[in-house]
>>> print(open('input.txt').read())   # compact mmCIF, C-alpha atoms
# COMPACT_ATOMS: atom_id res chain seq x y z
CA MET J 98 36.63 44.52 13.68
CA LEU J 99 36.30 43.14 10.17
CA ASN J 100 38.54 44.91 7.73
CA PHE J 101 37.59 45.86 4.17
CA LYS J 102 39.38 42.83 2.68
CA THR J 103 37.40 40.35 4.81
CA ILE J 104 34.09 42.06 4.03
CA SER J 105 34.96 42.05 0.35
CA LYS J 106 35.80 38.33 0.55
CA ILE J 107 32.46 37.56 2.22
CA ILE J 108 30.58 39.59 -0.41
CA ASN J 109 32.47 37.66 -3.10
CA LEU J 110 31.35 34.39 -1.54
CA GLY J 111 27.71 35.60 -1.61
CA PRO J 112 26.48 33.33 -4.44
CA ILE J 113 28.10 30.21 -2.90
CA ILE J 114 26.74 31.00 0.58
CA LEU J 115 23.25 31.65 -0.82
CA LEU J 116 23.29 28.44 -2.88
CA TYR J 117 24.38 26.30 0.08
CA TYR J 118 21.95 28.04 2.45
CA LEU J 119 18.97 27.51 0.13
CA SER J 120 19.93 23.85 -0.27
CA VAL J 121 20.44 23.07 3.39
CA SER J 122 17.72 25.17 5.06
CA GLU J 123 14.00 24.61 4.96
CA ILE J 124 13.50 27.98 3.27
CA ASP J 125 11.69 27.15 0.10
CA SER J 126 10.19 28.87 -2.85
CA HIS J 127 6.92 26.95 -2.77
CA PHE J 128 4.05 29.18 -1.72
CA GLU J 129 1.16 26.71 -1.59
CA ASN J 130 -0.53 28.59 1.26
CA TYR J 131 -0.92 31.68 -0.94
CA PHE J 132 -1.25 30.25 -4.43
CA GLU J 133 -1.18 26.48 -4.74
CA ILE J 134 0.68 26.22 -8.05
CA LEU J 135 3.26 28.90 -7.26
CA SER J 136 6.71 27.40 -6.85
CA PHE J 137 10.03 28.29 -8.39
CA ASN J 138 13.61 27.14 -8.17
CA ILE J 139 15.95 29.95 -7.08
CA GLN J 140 18.95 27.60 -7.12
CA LEU J 141 18.68 27.20 -10.90
CA ILE J 142 18.57 30.99 -11.36
CA ILE J 143 21.62 31.49 -9.09
CA ILE J 144 23.61 28.80 -10.93
CA TYR J 145 22.71 30.05 -14.41
CA PHE J 146 23.40 33.69 -13.65
CA TRP J 147 26.71 33.31 -11.86
CA VAL J 148 28.12 30.61 -14.14
CA SER J 149 27.34 32.72 -17.20
CA LYS J 150 28.43 36.06 -15.71
CA ARG J 151 31.25 35.29 -13.31
CA PRO J 152 32.10 31.55 -13.17
CA GLU J 153 34.93 32.14 -10.69
CA ALA J 154 32.26 33.10 -8.11
CA LEU J 155 30.55 29.70 -8.27
CA GLY J 156 32.67 26.60 -8.90
CA SER J 157 31.25 23.40 -10.37
CA GLY J 158 32.33 21.49 -7.26
CA HIS J 159 30.17 23.71 -5.07
CA ILE J 160 27.22 23.27 -7.46
CA PHE J 161 27.71 19.50 -7.25
CA PHE J 162 27.80 19.48 -3.41
CA ALA J 163 24.85 21.86 -3.10
CA GLY J 164 22.89 19.42 -5.27
CA LEU J 165 23.79 16.49 -3.02
CA ILE J 166 22.72 18.45 0.09
CA ASN J 167 19.45 19.41 -1.60
CA ASP J 168 18.77 15.74 -2.38
CA VAL J 169 19.22 14.74 1.26
CA VAL J 170 16.97 17.52 2.58
CA ALA J 171 14.27 17.10 -0.08
CA GLY J 172 14.32 13.28 0.03
CA PHE J 173 15.34 12.62 -3.57
CA PRO J 174 17.82 9.93 -4.68
CA LEU J 175 21.38 11.21 -4.18
CA GLY J 176 22.90 12.87 -7.22
CA ILE J 177 19.70 13.80 -9.07
CA SER J 178 19.74 17.51 -8.11
CA SER J 179 23.51 17.63 -8.77
CA LEU J 180 22.89 16.35 -12.30
CA SER J 181 20.06 18.79 -12.80
CA TYR J 182 22.20 21.72 -11.56
CA LEU J 183 25.19 20.63 -13.66
CA VAL J 184 23.01 20.59 -16.79
CA VAL J 185 22.13 24.24 -16.13
CA SER J 186 25.81 24.96 -15.54
CA LEU J 187 26.71 23.22 -18.81
CA VAL J 188 24.25 25.29 -20.85
CA ALA J 189 25.41 28.49 -19.10
CA THR J 190 29.07 27.70 -19.86
CA TYR J 191 28.21 26.89 -23.46
CA VAL J 192 26.31 30.17 -23.87
CA LYS J 193 29.21 32.06 -22.28
CA ASN J 194 31.65 30.44 -24.73
CA MET J 195 29.46 31.18 -27.74
CA THR J 196 28.41 34.76 -27.03
CA VAL J 197 30.34 37.96 -26.44
CA ASN J 198 27.78 40.42 -25.14
CA THR J 199 24.44 39.34 -23.73
CA ARG J 200 21.32 41.24 -22.79
CA ILE J 201 18.52 40.25 -20.47
CA THR J 202 16.37 39.01 -23.37
CA THR J 203 19.05 36.65 -24.68
CA ASP J 204 19.81 35.47 -21.14
CA TRP J 205 16.12 34.89 -20.54
CA PHE J 206 15.77 32.79 -23.68
CA THR J 207 18.90 30.72 -23.05
CA PHE J 208 17.85 30.26 -19.42
CA PHE J 209 14.63 28.69 -20.70
CA ILE J 210 16.69 26.17 -22.68
CA ALA J 211 18.82 25.48 -19.59
CA ILE J 212 15.90 24.84 -17.21
CA PHE J 213 14.04 22.86 -19.86
CA PHE J 214 16.92 20.38 -20.16
CA SER J 215 17.58 20.47 -16.43
CA ASN J 216 13.99 19.65 -15.46
CA LEU J 217 13.74 17.10 -18.27
CA THR J 218 16.80 15.29 -16.87
CA PHE J 219 15.30 15.50 -13.38
CA PHE J 220 11.92 14.15 -14.50
CA ILE J 221 13.28 11.32 -16.68
CA LEU J 222 15.70 10.09 -14.01
CA LEU J 223 13.09 10.24 -11.26
CA SER J 224 10.27 8.62 -13.22
CA LYS J 225 12.33 5.93 -14.97
CA PHE J 226 14.74 4.88 -12.25
CA SER J 227 13.14 5.66 -8.89
CA GLU J 228 9.87 4.71 -7.22
CA ILE J 229 9.03 8.35 -6.45
CA ALA J 230 6.17 9.68 -8.56
CA VAL J 231 6.25 13.32 -9.57
CA SER J 232 3.63 15.20 -11.49
CA VAL J 233 4.54 16.63 -14.90
CA THR J 234 2.11 19.46 -14.19
CA GLU J 235 3.96 20.43 -10.98
CA ILE J 236 7.28 20.43 -12.86
CA SER J 237 5.77 22.50 -15.66
CA TYR J 238 4.41 25.08 -13.21
CA ASN J 239 7.78 25.18 -11.49
CA THR J 240 9.57 25.70 -14.81
CA PHE J 241 7.11 28.40 -15.82
CA PHE J 242 7.39 30.40 -12.59
CA THR J 243 11.19 29.99 -12.47
CA LEU J 244 11.31 31.46 -15.95
CA LEU J 245 8.86 34.20 -15.00
CA PHE J 246 10.90 35.32 -11.97
CA PHE J 247 14.24 35.17 -13.81
CA PRO J 248 14.32 38.89 -14.84
CA PHE J 249 13.74 40.03 -11.25
CA PHE J 250 16.70 38.00 -9.98
CA TRP J 251 18.74 38.98 -13.08
CA PHE J 252 18.51 42.66 -12.11
CA LEU J 253 19.14 41.89 -8.45
CA PHE J 254 22.25 39.79 -9.18
CA THR J 255 23.51 42.23 -11.83
CA TYR J 256 23.37 44.99 -9.22
CA TYR J 257 25.15 42.75 -6.70
CA ASN J 258 27.76 41.81 -9.29
CA LEU J 259 28.30 45.50 -9.97
CA ILE J 260 28.94 46.14 -6.26
CA VAL J 261 31.42 43.25 -6.07
CA THR J 262 33.32 44.17 -9.24
CA THR J 263 33.36 47.88 -8.35
CA GLY J 264 34.75 47.01 -4.93
CA LYS J 265 37.43 44.90 -6.60
CA ASN J 266 38.46 47.59 -9.04
CA ALA J 267 38.54 50.31 -6.41
CA MET M 133 27.18 24.84 -42.42
CA SER M 134 30.10 22.63 -41.40
CA SER M 135 31.79 25.64 -39.85
CA SER M 136 28.83 26.36 -37.55
CA ARG M 137 28.73 22.68 -36.53
CA ASP M 138 32.44 22.87 -35.75
CA ASP M 139 31.81 25.98 -33.65
CA PHE M 140 29.08 24.13 -31.74
CA ASN M 141 31.38 21.11 -31.17
CA ILE M 142 34.25 23.28 -29.99
CA ALA M 143 32.05 25.35 -27.63
CA PHE M 144 30.29 22.26 -26.27
CA ARG M 145 33.53 20.33 -25.71
CA SER M 146 35.04 23.38 -24.12
CA ALA M 147 32.02 23.76 -21.79
CA LEU M 148 32.34 20.11 -20.74
CA LEU M 149 36.09 19.93 -20.27
CA GLN M 150 37.14 23.48 -19.48
CA ARG M 151 38.42 24.30 -16.01
CA GLY M 152 38.47 28.01 -15.26
CA ALA M 153 40.54 29.85 -12.68
CA ALA M 154 38.46 28.73 -9.69
CA GLN M 155 37.25 25.42 -11.15
CA LYS M 156 38.94 22.35 -9.72
CA PHE M 157 36.82 19.82 -11.60
CA SER M 158 35.55 19.74 -15.16
CA LEU M 159 31.80 19.49 -15.71
CA VAL M 160 32.04 16.12 -17.47
CA PHE M 161 33.89 14.65 -14.47
CA LEU M 162 31.24 15.90 -12.02
CA ILE M 163 28.38 14.71 -14.26
CA ILE M 164 29.91 11.21 -14.30
CA VAL M 165 30.40 11.23 -10.50
CA ALA M 166 26.81 12.44 -9.93
CA SER M 167 25.48 9.71 -12.25
CA ILE M 168 27.46 7.01 -10.41
CA ILE M 169 26.18 8.26 -7.01
CA PHE M 170 22.60 8.35 -8.38
CA PHE M 171 22.66 4.75 -9.63
CA LEU M 172 24.43 3.46 -6.50
CA ASP M 173 21.70 5.07 -4.38
CA ILE M 174 18.82 3.94 -6.61
CA TYR M 175 19.86 0.29 -6.80
CA GLY M 176 20.48 0.26 -3.04
CA PHE M 177 23.83 -1.50 -2.80
CA GLY M 178 24.41 -2.72 0.75
CA PHE M 179 27.23 -0.31 1.56
CA MET M 180 25.19 2.72 0.44
CA LYS M 181 22.52 2.35 3.15
CA PRO M 182 24.71 3.07 6.20
CA ILE M 183 26.55 5.82 4.28
CA ARG M 184 23.28 7.48 3.30
CA SER M 185 21.95 7.10 6.84
CA ILE M 186 25.02 8.86 8.33
CA ILE M 187 24.89 11.63 5.69
CA ASN M 188 21.13 12.10 6.32
CA ASP M 189 21.51 12.34 10.12
CA GLY M 190 24.34 14.87 9.75
CA ILE M 191 22.67 17.08 7.17
CA TYR M 192 19.28 17.05 8.95
CA ARG M 193 20.97 18.45 12.07
CA ILE M 194 22.79 21.14 10.06
CA SER M 195 19.51 21.95 8.30
CA LEU M 196 17.74 22.33 11.65
CA VAL M 197 20.34 24.89 12.81
CA ALA M 198 20.35 26.70 9.44
CA SER M 199 16.55 26.94 9.42
CA SER M 200 16.17 28.42 12.92
CA PRO M 201 16.19 32.10 11.75
CA SER M 202 13.52 31.34 9.15
CA ARG M 203 11.36 29.72 11.84
CA PHE M 204 11.61 32.64 14.22
CA ILE M 205 10.06 35.28 11.90
CA PRO M 206 6.73 33.47 11.22
CA GLN M 207 6.48 32.58 14.92
CA ALA M 208 6.95 36.21 15.97
CA THR M 209 4.46 37.61 13.44
CA GLY M 210 2.02 34.81 14.29
CA SER M 211 2.14 35.72 17.98
CA VAL M 212 1.24 39.37 17.27
CA THR M 213 -1.70 38.35 15.06
CA ASN M 214 -2.90 35.91 17.72
CA LEU M 215 -2.90 38.68 20.31
CA PHE M 216 -5.38 40.70 18.26
CA ASN M 217 -7.67 37.74 17.57
CA ILE M 218 -7.70 36.36 21.10
CA LYS M 219 -11.03 37.83 22.30
CA SER M 220 -13.18 36.70 19.40
CA GLU M 221 -11.42 33.34 19.43
CA ASN M 222 -12.19 32.93 23.13
CA GLU M 223 -15.92 33.38 22.53
CA LYS M 224 -15.87 30.90 19.66
CA LEU M 225 -13.98 28.38 21.78
CA LYS M 226 -16.51 28.67 24.64
CA LYS M 227 -19.32 27.78 22.25
CA ALA M 228 -17.29 24.93 20.77
CA LEU M 229 -16.50 23.63 24.26
CA GLU M 230 -20.19 23.34 25.08
CA VAL M 231 -20.75 21.26 21.95
CA TYR M 232 -17.78 19.02 22.78
CA ARG M 233 -18.97 18.49 26.37
CA GLN M 234 -22.21 17.12 25.03
CA LYS M 235 -20.36 14.98 22.50
CA GLU M 236 -18.00 13.67 25.18
CA LEU M 237 -20.91 12.13 27.05
CA SER M 238 -22.08 10.28 23.99
CA VAL M 239 -18.49 9.17 23.20
CA GLU M 240 -18.15 7.77 26.74
CA TYR M 241 -21.37 5.89 26.31
CA LEU M 242 -20.30 4.53 22.91
CA THR M 243 -16.83 3.53 24.17
CA ASN M 244 -18.35 1.52 27.01
CA GLN M 245 -20.78 -0.06 24.62
CA ASN M 246 -17.92 -0.90 22.24
CA LYS M 247 -15.91 -2.52 25.07
CA ASN M 248 -18.85 -4.63 26.12
CA LEU M 249 -19.52 -5.73 22.55
CA ARG M 250 -15.84 -6.68 22.10
CA LYS M 251 -16.01 -8.74 25.29
CA ILE M 252 -18.96 -10.57 23.80
CA LEU M 253 -16.96 -11.15 20.58
CA GLU M 254 -13.94 -12.24 22.70
CA SER M 255 -11.70 -9.99 20.62
CA ASP M 256 -8.40 -8.81 22.11
CA GLU M 257 -8.00 -5.99 19.61
CA THR M 258 -8.96 -2.65 21.10
CA LEU M 259 -9.61 0.57 19.27
CA PHE M 260 -7.16 2.69 21.21
CA LYS M 261 -3.57 1.56 21.50
CA GLU M 262 -1.06 3.49 23.59
CA ASN M 263 2.35 2.61 22.22
CA TYR M 264 3.63 5.82 20.74
CA VAL M 265 6.95 7.55 20.52
CA LEU M 266 6.78 11.34 20.56
CA SER M 267 9.02 13.05 18.00
CA LYS M 268 9.95 16.59 17.14
CA VAL M 269 9.67 17.77 13.54
CA LEU M 270 13.19 18.75 12.44
CA ILE M 271 12.54 19.86 8.87
CA ASP M 272 9.32 20.50 7.00
CA LYS M 273 10.67 21.84 3.74
CA SER M 274 7.70 22.28 1.46
CA SER M 275 8.95 20.92 -1.84
CA PRO M 276 6.68 21.32 -4.85
CA TYR M 277 7.28 17.65 -5.70
CA LEU M 278 7.55 15.77 -2.39
CA LYS M 279 5.43 16.36 0.71
CA SER M 280 7.41 14.99 3.61
CA ILE M 281 8.81 15.93 7.02
CA ILE M 282 11.88 14.83 8.96
CA ILE M 283 11.46 13.77 12.61
CA ASN M 284 14.12 13.39 15.28
CA LYS M 285 13.54 9.70 16.05
CA GLY M 286 14.91 6.80 14.05
CA SER M 287 15.81 3.13 14.23
CA LYS M 288 17.38 3.74 17.67
CA GLU M 289 13.84 4.19 19.07
CA GLY M 290 12.50 1.13 17.25
CA ILE M 291 10.88 2.97 14.36
CA LEU M 292 10.33 0.85 11.25
CA LYS M 293 9.43 1.65 7.66
CA GLY M 294 5.66 1.94 7.11
CA MET M 295 4.68 2.88 10.69
CA PRO M 296 1.77 5.34 10.98
CA VAL M 297 2.47 8.86 12.21
CA MET M 298 -0.11 10.90 14.09
CA ASP M 299 -0.62 14.51 15.05
CA LYS M 300 -2.62 14.29 18.31
CA ASP M 301 -5.09 11.57 17.27
CA TYR M 302 -5.13 12.43 13.57
CA LEU M 303 -3.22 10.43 10.99
CA VAL M 304 -0.71 12.57 9.07
CA GLY M 305 1.40 10.03 7.19
CA ARG M 306 3.75 7.07 7.43
CA ILE M 307 7.47 6.43 7.78
CA VAL M 308 9.25 5.95 4.44
CA GLU M 309 12.92 6.36 5.34
CA ILE M 310 14.73 5.47 8.55
CA ASN M 311 18.12 6.60 9.75
CA TYR M 312 19.69 5.88 13.12
CA LEU M 313 18.65 9.22 14.67
CA SER M 314 15.99 10.52 12.27
CA SER M 315 13.22 9.40 9.92
CA ARG M 316 11.31 10.78 6.96
CA VAL M 317 7.51 10.85 7.07
CA LEU M 318 5.56 10.78 3.82
CA LEU M 319 2.52 13.02 4.32
CA LEU M 320 -1.00 12.07 3.26
CA ASN M 321 -1.11 14.79 0.58
CA ASP M 322 2.02 13.53 -1.22
CA LEU M 323 1.49 12.17 -4.71
CA ASN M 324 2.99 8.81 -3.63
CA SER M 325 0.65 8.31 -0.64
CA ARG M 326 -2.18 5.71 -0.74
CA ILE M 327 -4.26 4.88 2.37
CA PRO M 328 -7.36 2.64 2.60
CA VAL M 329 -10.15 4.59 4.27
CA THR M 330 -13.76 4.26 5.30
CA PHE M 331 -16.45 6.87 5.84
CA GLY M 332 -20.16 7.51 6.20
CA GLU M 333 -22.93 5.57 7.91
CA ASP M 334 -22.69 2.78 5.31
CA GLY M 335 -18.97 2.34 5.92
CA VAL M 336 -18.02 3.11 2.31
CA GLN M 337 -14.51 1.86 1.46
CA ALA M 338 -12.12 3.91 -0.68
CA ILE M 339 -8.46 4.73 -1.20
CA LEU M 340 -7.18 8.12 -0.12
CA LYS M 341 -4.65 9.26 -2.69
CA GLY M 342 -2.31 12.21 -2.26
CA SER M 343 -2.82 14.83 -4.93
CA GLY M 344 0.42 16.73 -4.49
CA GLY M 345 -1.66 19.74 -3.40
CA SER M 346 -3.03 20.47 0.07
CA ARG M 347 -6.05 18.16 -0.21
CA PRO M 348 -5.86 14.43 -0.99
CA VAL M 349 -8.63 12.82 -3.03
CA LEU M 350 -10.83 9.73 -2.69
CA GLU M 351 -10.42 7.03 -5.32
CA TYR M 352 -11.96 3.61 -6.01
CA LEU M 353 -15.36 4.66 -4.68
CA PRO M 354 -18.40 2.46 -5.42
CA GLU M 355 -19.72 3.04 -8.94
CA GLY M 356 -21.92 6.11 -9.19
CA TYR M 357 -21.26 7.12 -5.58
CA VAL M 358 -21.69 10.83 -4.90
CA VAL M 359 -19.58 12.16 -2.04
CA GLU M 360 -21.47 14.29 0.46
CA GLU M 361 -19.82 17.28 2.08
CA GLY M 362 -18.74 17.24 5.73
CA VAL M 363 -18.47 13.48 6.34
CA ASP M 364 -15.60 12.34 8.59
CA VAL M 365 -13.06 9.97 7.01
CA PHE M 366 -11.19 7.29 9.02
CA THR M 367 -8.54 4.67 8.24
CA SER M 368 -10.13 1.33 7.45
CA GLY M 369 -7.13 -0.75 8.53
CA LYS M 370 -7.56 -3.02 5.50
CA ASP M 371 -3.88 -2.79 4.60
CA GLY M 372 -2.87 -4.29 7.95
CA ILE M 373 -0.48 -1.37 8.55
CA PHE M 374 -2.81 1.23 10.07
CA PHE M 375 -5.27 0.61 12.86
CA ALA M 376 -8.88 1.05 11.89
CA GLY M 377 -10.62 4.20 13.08
CA SER M 378 -7.84 6.81 13.01
CA PRO M 379 -9.49 10.09 11.99
CA ILE M 380 -8.07 11.73 8.85
CA GLY M 381 -10.32 14.57 7.68
CA THR M 382 -13.70 15.56 6.28
CA THR M 383 -15.06 15.25 2.78
CA SER M 384 -15.82 18.05 0.36
CA GLU M 385 -18.21 17.88 -2.60
CA LYS M 386 -15.41 17.39 -5.12
CA GLY M 387 -14.28 14.17 -3.41
CA GLU M 388 -11.34 15.95 -1.84
CA ILE M 389 -10.50 15.62 1.85
CA LYS M 390 -9.84 18.54 4.14
CA LEU M 391 -7.29 17.08 6.55
CA PHE M 392 -7.84 17.52 10.30
CA SER M 393 -4.14 18.14 10.74
CA GLU M 394 -2.51 20.98 8.81
CA SER M 395 0.72 19.46 7.47
CA SER M 396 2.55 22.79 7.36
CA GLN M 397 1.89 23.42 11.08
CA LEU M 398 3.38 20.27 12.56
CA SER M 399 5.81 20.67 15.48
CA PHE M 400 5.50 17.35 17.29
CA VAL M 401 4.13 14.07 16.00
CA LYS M 402 3.60 10.59 17.44
CA VAL M 403 4.85 7.43 15.75
CA ASP M 404 2.64 4.43 16.40
CA LEU M 405 4.88 1.51 17.38
CA SER M 406 1.98 -0.85 18.12
CA LYS M 407 2.49 -3.05 15.11
CA GLN M 408 6.26 -3.23 15.53
CA LYS M 409 6.36 -6.93 16.37
CA LYS M 410 3.52 -8.00 14.18
CA GLU M 411 4.60 -6.45 10.91
CA ALA M 412 7.89 -6.76 9.07
CA PHE M 413 7.80 -3.97 6.55
>>> encode(input="input.txt", output="structure tokens")
Amino acid sequence: MLNFKTISKIINLGPIILLYYLSVSEIDSHFENYFEILSFNIQLIIIYFWVSKRPEALGSGHIFFAGLINDVVAGFPLGISSLSYLVVSLVATYVKNMTVNTRITTDWFTFFIAIFFSNLTFFILLSKFSEIAVSVTEISYNTFFTLLFFPFFWFLFTYYNLIVTTGKNA
Amino acid sequence: MSSSRDDFNIAFRSALLQRGAAQKFSLVFLIIVASIIFFLDIYGFGFMKPIRSIINDGIYRISLVASSPSRFIPQATGSVTNLFNIKSENEKLKKALEVYRQKELSVEYLTNQNKNLRKILESDETLFKENYVLSKVLIDKSSPYLKSIIINKGSKEGILKGMPVMDKDYLVGRIVEINYLSSRVLLLNDLNSRIPVTFGEDGVQAILKGSGGSRPVLEYLPEGYVVEEGVDVFTSGKDGIFFAGSPIGTTSEKGEIKLFSESSQLSFVKVDLSKQKKEAF
């Protein structure tokens, strides 16, 4: 039987497991069968939330490796997703250093800045250095929907974080 | 003013260099490593190809195992839905079968006629080649940017870059990346896909360009040409890579093509090895 400590450890590893699983599996957040333009990037939301709220739950090394795995599965040049994820992580760390108490509205706004720079890095690197063509419109839709779904995941992760921290303090 | 700039500099430097309790690497170090890996991969240094091939083969297998739960749920729900629709579908299929029986007779007649005409022309090129390798689709992650699938056959089976990939007799894409045990297929609806096609009684030539959405579009049509709805589109073979006459889809009024093969429903595909010796991609 799993004891409380092991269960608590697994729950603590939740963000890392989710990030790796989303990168390696074919589960995607692109719903072209239902609504052609609907796609969003859950990885960016996970990285931004956990780096800004509890950085010890999601190390930069894991973010880097998850990016490399995502590149292999999605067929992008190696390192491009890592760079894009690390940009989000950089903005999140900066915001964490600069602010004391944040609300969902401030997080939402700073998340927009993070994904803007992240997707800009992704687009510039892909269009200038690789032969793969990507559509600016697709990236814009993706950015828009990622931003739109952020509050939903913010509440979900805040609740999860509460469970983890309560379990720790108990 | 200078104080706020100092604050920004301190916070930014701290974000780049700081290593927290669980952080083994600083962000700036990882950004530099990621950039080096990116440029090594992009500029294709010799030693990167086998490394990338090994990494790809490994991760594709892990991805296949990791994705199995997500595959099971749609399959199970699909089976239940199919059970309810089976009666009406059976009646539709009976009607369709009658139509196809009649068409089969005319196809047989036309095939014989085609063979005889080719004999007259003394051409050794036949319409139907049978040199395929059957492959299983390992991963079909639907990325919003790239439309591709991973198959479980690679250079070990003699697959080369550029080879056409079919679902039954319908063209679905071409090979763009080869590893020892797996390959990546670029689908027809990807933004980077371009295929020369022909359609209609006049044999109109055009280029089928992936739109990034579910339906590719026809480009480079004759000036002023209006596309009619419901016309079958075939490969023209003008690029020397694809054989002429592989069916692709049917036209719509907007100049889009409804593909015969649904790219999200692929389980097994065939790679056409026929041009293996002729073409060096």
>>> closest_residue(input="input.txt", among="J:Tyr256, J:Tyr145, J:Phe246, J:Tyr118", to="chain M", atoms="all atoms listed in the file")
J:Tyr118
>>> atom_distance(input="input.txt", atom1="CA of Phe392 (chain M)", atom2="CA of Val359 (chain M)")
17.9 Å
>>> closest_residue(input="input.txt", among="M:Tyr312, M:Phe331, M:Tyr352, M:Phe171", to="Phe366 (chain M)", atoms="all atoms listed in the file")
M:Phe331
>>> closest_residue(input="input.txt", among="M:Tyr232, M:Phe375, M:Phe170, M:Phe400", to="Leu223 (chain J)", atoms="only C-alpha atoms")
M:Phe170
>>> interface_residues(input="input.txt", of="chain J", to="chain M", cutoff="7 Å", atoms="all atoms listed in the file", output="PyMOL selection string")
chain J and resi 121-125+127+133+136+153+156-158+161+169-171+174-177+179-180+183+187+190-191+194-195+227+229-231+235
>>> residues_around(input="input.txt", residues="Met295 (chain M)", least_positions_apart="2", cutoff="10 Å", atoms="only C-alpha atoms", output="PyMOL selection string")
chain M and resi 291-293+297-298+305-308+317+373-374+403-408+411+413
>>> residues_around(input="input.txt", residues="Pro354 (chain M)", least_positions_apart="6", cutoff="9 Å", atoms="all atoms listed in the file", output="number ranges by chain")
M: 336-338
>>> axis_aligned_box(input="input.txt", around="region 222-231 of chain M", padding_each_side="4 Å", output="lines of an AutoDock Vina configuration file")
center_x = -16.5
center_y = 27.3
center_z = 22.4
size_x = 16.6
size_y = 20.1
size_z = 13.4
>>> atom_distance(input="input.txt", atom1="CA of Asp364 (chain M)", atom2="CA of Ser315 (chain M)")
29.0 Å
>>> atom_distance(input="input.txt", atom1="CA of Lys370 (chain M)", atom2="CA of Ile327 (chain M)")
9.1 Å
>>> closest_residue(input="input.txt", among="J:Phe214, J:Phe162, J:Trp205, J:Tyr182", to="Phe252 (chain J)", atoms="all atoms listed in the file")
J:Trp205
>>> closest_residue(input="input.txt", among="J:Val233, J:Ile142, J:Leu165, J:Val197", to="Trp251 (chain J)", atoms="all atoms listed in the file")
J:Ile142
>>> residues_around(input="input.txt", residues="Phe247 (chain J)", least_positions_apart="6", cutoff="10 Å", atoms="only C-alpha atoms", output="ChimeraX atom specification")
/J:137-139,141-143,145-146,201,204-205,208-209,253
>>> decode(input="input.txt", residues="region 346-357 of chain M", atoms="N, CA and C atoms", output="PDB file, in the first residue's frame")
ATOM      1  N   SER M 346      -8.193  21.877 -42.554  1.00  0.00           N
ATOM      2  CA  SER M 346      -8.480  20.498 -42.950  1.00  0.00           C
ATOM      3  C   SER M 346      -8.526  20.330 -44.467  1.00  0.00           C
ATOM      4  N   ARG M 347      -8.740  21.440 -45.205  1.00  0.00           N
ATOM      5  CA  ARG M 347      -8.862  21.319 -46.654  1.00  0.00           C
ATOM      6  C   ARG M 347      -7.779  22.092 -47.394  1.00  0.00           C
ATOM      7  N   PRO M 348      -6.946  21.401 -48.194  1.00  0.00           N
ATOM      8  CA  PRO M 348      -5.957  22.116 -49.006  1.00  0.00           C
ATOM      9  C   PRO M 348      -6.632  22.887 -50.149  1.00  0.00           C
ATOM     10  N   VAL M 349      -5.893  23.791 -50.757  1.00  0.00           N
ATOM     11  CA  VAL M 349      -6.488  24.619 -51.817  1.00  0.00           C
ATOM     12  C   VAL M 349      -5.737  24.466 -53.139  1.00  0.00           C
ATOM     13  N   LEU M 350      -6.431  24.776 -54.232  1.00  0.00           N
ATOM     14  CA  LEU M 350      -5.811  24.704 -55.561  1.00  0.00           C
ATOM     15  C   LEU M 350      -5.213  26.055 -55.915  1.00  0.00           C
ATOM     16  N   GLU M 351      -3.972  26.027 -56.388  1.00  0.00           N
ATOM     17  CA  GLU M 351      -3.313  27.272 -56.800  1.00  0.00           C
ATOM     18  C   GLU M 351      -2.777  27.120 -58.217  1.00  0.00           C
ATOM     19  N   TYR M 352      -2.379  28.226 -58.811  1.00  0.00           N
ATOM     20  CA  TYR M 352      -1.830  28.272 -60.173  1.00  0.00           C
ATOM     21  C   TYR M 352      -2.785  27.644 -61.192  1.00  0.00           C
ATOM     22  N   LEU M 353      -4.063  27.968 -61.055  1.00  0.00           N
ATOM     23  CA  LEU M 353      -5.061  27.517 -62.022  1.00  0.00           C
ATOM     24  C   LEU M 353      -4.976  28.399 -63.260  1.00  0.00           C
ATOM     25  N   PRO M 354      -5.474  27.933 -64.420  1.00  0.00           N
ATOM     26  CA  PRO M 354      -5.490  28.796 -65.598  1.00  0.00           C
ATOM     27  C   PRO M 354      -6.253  30.092 -65.295  1.00  0.00           C
ATOM     28  N   GLU M 355      -5.851  31.177 -65.956  1.00  0.00           N
ATOM     29  CA  GLU M 355      -6.445  32.481 -65.665  1.00  0.00           C
ATOM     30  C   GLU M 355      -7.961  32.463 -65.891  1.00  0.00           C
ATOM     31  N   GLY M 356      -8.679  32.949 -64.930  1.00  0.00           N
ATOM     32  CA  GLY M 356     -10.132  33.044 -65.053  1.00  0.00           C
ATOM     33  C   GLY M 356     -10.865  31.722 -64.871  1.00  0.00           C
ATOM     34  N   TYR M 357     -10.165  30.692 -64.509  1.00  0.00           N
ATOM     35  CA  TYR M 357     -10.788  29.363 -64.372  1.00  0.00           C
ATOM     36  C   TYR M 357     -11.681  29.311 -63.132  1.00  0.00           C
TER      37      TYR M 357
END
